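These notes concern the structure reproduced below.
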Amino acid sequence: MTPVVAVDGPSGSGKGTVSRLLARRLGWHLLDSGALYRLVAVAASRGGVPGDEVAGHVRVAEQMQVRFEVAPDGGERILLGEVDVTADVRAEQTGQGASRVAAWPAVRDALMQRQRDFARDPGLIADGRDMGTVVFPDAPLKIFLTASADERARRRYNQLKDKGSAGSLAALSREIAERDLRDSTRSVAPLRPASDAFVVDSTGMPVEAVVERVIELGRARALWR
Ligand code: DC
């Protein structure tokens, strides 16, 4: 069976960066499950969802054609059909929309198989909120990455600033707190560490040190040498 490393945690915990670096270093595939929830929100707002709101989003989740590519400058490129929606997908506003649609169990079900299909040899790094608890419960290595709320808001702020779209740090802090509360209190697949996850607090830790820690944990489990 294809080995999966589950990397879960709240927004701004650094799991996206850590997952990308791990996948690159190991030559493994990467699943950015948050991007799929973001894409549902983007596709629904672009196409509109006539009729029942939840059913409309489920249809979008089932039918959307998405591609993850590497842009000519080495960054990411996300395509919805043939349209480049990268900036839209990464906008903070979309994170809020994604968190809202992600609370609907039927939308989560609609994305389940699509997420599992990312598991292909030689291995998968799966980044999200419920990778270790729901989508890949048998993953041989599960990491739950956290950091203090202040540090997470600061990291997110710097990320958005690099893209030229940051608002105020205080507003971002509030939005992140709101999103984390919704993600961890929803009835289905709430954000929480799997019982067999390693909890890594990355507050004050450089990203390379977090990657090294995961590499050590995987080595100890003979996932790689
Ligand atoms: O990781 P992110 O910020 O791109 O995720 C956006 C939202 O999607 C997040 O607030 C909650 C939701 N999400 C989820 O419910 N389950 C996942 N596995 C990944 C993301």
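Letters A, B, ... mark the chains of the structure tokens in the order given; residue numbers begin at 1 per chain; ligand numbers begin at 1, in order shown.
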
- Could you list, as a list in words, all the residues within 6 Å of ligand 1, counting only C-alpha atoms and all ligand atoms?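 The distance check yields Ser11, Ser33, Gly34, Ala35, Tyr37, Arg38, Gly95, Ala98, Ser99, Ala102, Gly128, Arg129, Asp130, Met131, Arg179 and Asp183 of chain A.
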
Dump of all heavy atoms for the selected residues, as a short mmCIF file (atom, residue, chain, number, x, y, z; two decimals), in the first residue's frame:
data_model
loop_
_atom_site.label_atom_id
_atom_site.label_comp_id
_atom_site.auth_asym_id
_atom_site.auth_seq_id
_atom_site.Cartn_x
_atom_site.Cartn_y
_atom_site.Cartn_z
N SER A 11 -4.85 26.83 10.68
CA SER A 11 -4.27 27.75 9.70
C SER A 11 -3.06 28.46 10.25
O SER A 11 -3.05 28.88 11.40
CB SER A 11 -5.28 28.82 9.27
OG SER A 11 -6.48 28.70 9.94
N SER A 33 -5.28 19.44 0.67
CA SER A 33 -6.74 19.24 0.72
C SER A 33 -7.48 20.55 0.95
O SER A 33 -8.61 20.73 0.49
CB SER A 33 -7.11 18.22 1.81
OG SER A 33 -6.68 18.66 3.07
N GLY A 34 -6.83 21.50 1.66
CA GLY A 34 -7.46 22.80 1.87
C GLY A 34 -7.75 23.48 0.54
O GLY A 34 -8.77 24.15 0.38
N ALA A 35 -6.85 23.27 -0.45
CA ALA A 35 -7.05 23.89 -1.77
C ALA A 35 -8.32 23.34 -2.42
O ALA A 35 -9.00 24.05 -3.15
CB ALA A 35 -5.84 23.66 -2.65
N TYR A 37 -11.11 22.38 -0.83
CA TYR A 37 -12.25 23.09 -0.21
C TYR A 37 -12.31 24.53 -0.71
O TYR A 37 -13.38 25.08 -0.95
CB TYR A 37 -12.16 23.03 1.32
CG TYR A 37 -12.47 21.65 1.85
CD1 TYR A 37 -11.46 20.74 2.14
CD2 TYR A 37 -13.79 21.23 1.99
CE1 TYR A 37 -11.74 19.45 2.58
CE2 TYR A 37 -14.08 19.94 2.43
CZ TYR A 37 -13.05 19.06 2.73
OH TYR A 37 -13.35 17.79 3.14
N ARG A 38 -11.14 25.14 -0.86
CA ARG A 38 -11.10 26.51 -1.40
C ARG A 38 -11.65 26.53 -2.82
O ARG A 38 -12.38 27.45 -3.21
CB ARG A 38 -9.65 27.04 -1.39
CG ARG A 38 -9.15 27.39 0.01
CD ARG A 38 -7.65 27.64 0.03
NE ARG A 38 -7.21 28.00 1.37
CZ ARG A 38 -7.02 29.26 1.77
NH1 ARG A 38 -7.17 30.27 0.94
NH2 ARG A 38 -6.65 29.50 3.02
N GLY A 95 -10.46 31.51 2.14
CA GLY A 95 -10.25 30.61 3.29
C GLY A 95 -11.49 30.57 4.17
O GLY A 95 -11.91 29.51 4.64
N ALA A 98 -14.17 28.63 2.33
CA ALA A 98 -13.84 27.20 2.35
C ALA A 98 -14.20 26.59 3.69
O ALA A 98 -14.76 25.49 3.77
CB ALA A 98 -12.34 27.01 2.07
N SER A 99 -13.90 27.31 4.75
CA SER A 99 -14.19 26.81 6.09
C SER A 99 -15.71 26.63 6.27
O SER A 99 -16.17 25.70 6.92
CB SER A 99 -13.61 27.80 7.11
OG SER A 99 -14.13 27.61 8.38
N ALA A 102 -16.81 23.63 4.15
CA ALA A 102 -16.20 22.41 4.69
C ALA A 102 -16.96 21.87 5.90
O ALA A 102 -16.74 20.75 6.33
CB ALA A 102 -14.74 22.68 5.09
N GLY A 128 -3.80 18.87 5.68
CA GLY A 128 -5.20 19.27 5.90
C GLY A 128 -5.60 19.41 7.36
O GLY A 128 -4.81 19.85 8.19
N ARG A 129 -6.86 19.07 7.61
CA ARG A 129 -7.40 19.15 8.96
C ARG A 129 -7.78 17.76 9.48
O ARG A 129 -7.80 17.53 10.68
CB ARG A 129 -8.66 20.02 9.00
CG ARG A 129 -8.50 21.44 8.50
CD ARG A 129 -7.71 22.28 9.48
NE ARG A 129 -7.70 23.70 9.14
CZ ARG A 129 -7.11 24.23 8.08
NH1 ARG A 129 -6.50 23.47 7.21
NH2 ARG A 129 -7.14 25.53 7.89
N ASP A 130 -8.15 16.86 8.56
CA ASP A 130 -8.66 15.54 8.94
C ASP A 130 -7.96 14.42 8.19
O ASP A 130 -8.54 13.38 7.96
CB ASP A 130 -10.17 15.47 8.67
CG ASP A 130 -10.49 15.64 7.18
OD1 ASP A 130 -9.62 16.16 6.44
OD2 ASP A 130 -11.59 15.24 6.76
N MET A 131 -6.72 14.66 7.77
CA MET A 131 -5.99 13.65 7.01
C MET A 131 -5.77 12.40 7.87
O MET A 131 -5.99 11.28 7.45
CB MET A 131 -4.64 14.20 6.51
CG MET A 131 -4.77 15.40 5.58
SD MET A 131 -5.60 15.00 4.03
CE MET A 131 -7.23 15.60 4.32
N ARG A 179 -12.08 31.20 12.12
CA ARG A 179 -12.00 30.03 11.24
C ARG A 179 -11.60 28.79 12.06
O ARG A 179 -12.18 27.72 11.90
CB ARG A 179 -10.98 30.32 10.14
CG ARG A 179 -10.88 29.25 9.10
CD ARG A 179 -10.75 29.88 7.72
NE ARG A 179 -9.45 30.49 7.48
CZ ARG A 179 -8.46 29.85 6.87
NH1 ARG A 179 -8.60 28.59 6.51
NH2 ARG A 179 -7.33 30.48 6.62
N ASP A 183 -13.66 25.40 12.40
CA ASP A 183 -13.07 24.14 11.96
C ASP A 183 -12.98 23.12 13.09
O ASP A 183 -13.06 21.92 12.86
CB ASP A 183 -11.66 24.37 11.38
CG ASP A 183 -11.67 25.17 10.08
OD1 ASP A 183 -12.76 25.32 9.49
OD2 ASP A 183 -10.60 25.66 9.68
#

- Task: Write down as a ChimeraX atom specification the residues of segment 7-212 of chain A whose backbone DSSP state falls under strand (DSSP E or B).
- Result: /A:7-8,29-32,66-70,76-80,83-84,124-128,141-146,198-201

- Note on the structure: As a check of understanding: the span from atom CA of Glu208 of chain A to atom CA of Arg24 of chain A is 12.9 Å

- Selected residue of minimal separation from Pro10 of chain A among A:Gln159, A:Gln63, A:Thr133, A:Ser184, counting only C-alpha atoms: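 Checking each candidate against Pro10 of chain A, we get A:Ser184 as the closest.
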
- Run DSSP on the backbone and grab whatever in segment 70-123 of chain A lands in alpha helix (DSSP H); send it over as a list of chain:residue names.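 Filtering segment 70-123 of chain A to alpha helix (DSSP H) leaves A:Thr86, A:Ala87, A:Asp88, A:Val89, A:Arg90, A:Glu92, A:Gln93, A:Thr94, A:Gly95, A:Gln96, A:Gly97, A:Ala98, A:Ser99, A:Arg100, A:Val101, A:Pro105, A:Ala106, A:Val107, A:Arg108, A:Asp109, A:Ala110, A:Leu111, A:Met112, A:Gln113, A:Arg114, A:Gln115, A:Arg116.
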
- Task: Do a neighbour search on Arg221 of chain A at 8 Å with only C-alpha atoms, toss out local chain neighbours closer than 3 positions, and write the hits as a VMD selection string.
- Result: chain A and resid 140 to 141 217 to 218 224

List every residue of segment 75-118 of chain A that has an atom at most 12 Å from any atom of segment 42-55 of chain A, giving for each one its closest atom pair and the distance in Å to one decimal, counting only C-alpha atoms, sorted by chain and then by ascending residue number, as CSV.
residue,atom,partner,partner_atom,distance
A:Ile78,CA,A:Val42,CA,11.5
A:Leu79,CA,A:Ala43,CA,10.7
A:Leu80,CA,A:Ala43,CA,7.5
A:Gly81,CA,A:Ala43,CA,9.8
A:Val83,CA,A:Ala43,CA,10.6
A:Asp84,CA,A:Val42,CA,11.5
A:Val85,CA,A:Val42,CA,8.1
A:Thr86,CA,A:Val42,CA,10.1
A:Ala87,CA,A:Val42,CA,10.5
A:Asp88,CA,A:Val42,CA,7.0
A:Val89,CA,A:Val42,CA,6.6
A:Arg90,CA,A:Val42,CA,10.0
A:Ala91,CA,A:Val42,CA,10.1
A:Glu92,CA,A:Val42,CA,11.9
A:Gln93,CA,A:Val42,CA,10.1
A:Thr94,CA,A:Val42,CA,7.0
A:Gly95,CA,A:Val42,CA,9.9
A:Gln96,CA,A:Val42,CA,11.2
A:Gly97,CA,A:Val42,CA,8.3
A:Ala98,CA,A:Val42,CA,8.5
A:Arg100,CA,A:Val54,CA,10.8
A:Val101,CA,A:Val54,CA,8.0
A:Ala102,CA,A:Val54,CA,10.6
A:Ala103,CA,A:Val54,CA,10.4
A:Trp104,CA,A:Val54,CA,7.2
A:Pro105,CA,A:Val54,CA,9.4
A:Ala106,CA,A:Val54,CA,7.6
A:Val107,CA,A:Val54,CA,7.5
A:Arg108,CA,A:Val54,CA,11.1
A:Ala110,CA,A:Ala55,CA,10.5

- Query: Hey, can you check how far atom CA of Arg219 of chain A sits from atom CA of Phe144 of chain A?
  - Reply: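 According to the coordinates, atom CA of Arg219 of chain A and atom CA of Phe144 of chain A are separated by 17.5 Å.
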
- Task: Please provide as an MDAnalysis selection string all residues within 9 Å of Ser148 of chain A, with the sequence filter that same-chain residues fewer than 2 positions apart are discarded (counting only C-alpha atoms).
- Result: chainID A and resid 13 146 150:153 201:203

Serialized selection, C-alpha atoms, as a PDB file, in the first residue's frame:
ATOM      1  CA  SER A  13       0.724  26.347  11.594  1.00  0.00           C
ATOM      2  CA  THR A 146       0.559  23.705  15.890  1.00  0.00           C
ATOM      3  CA  ASP A 150       0.082  35.079  17.595  1.00  0.00           C
ATOM      4  CA  GLU A 151       2.735  33.342  15.594  1.00  0.00           C
ATOM      5  CA  ARG A 152       0.197  31.778  13.239  1.00  0.00           C
ATOM      6  CA  ALA A 153      -1.404  35.154  12.531  1.00  0.00           C
ATOM      7  CA  ASP A 201       4.587  22.759  18.333  1.00  0.00           C
ATOM      8  CA  SER A 202       6.474  24.855  15.805  1.00  0.00           C
ATOM      9  CA  THR A 203       6.346  28.153  17.736  1.00  0.00           C
TER      10      THR A 203
END

- Message: So that I can check the surroundings of Val210 of chain A, please list as a PyMOL selection string every protein, DNA and RNA residue that reaches within 12 Å of it, counting only C-alpha atoms and ignoring chain neighbours fewer than 3 positions away.
- Response: chain A and resi 7+13-19+21-22+143-147+199-207+213-217

- Shortest contact to Pro190 of chain A, candidates A:Gly132, A:Gly74, A:Thr2, A:Pro122, atoms counted only C-alpha atoms, goes to A:Gly132
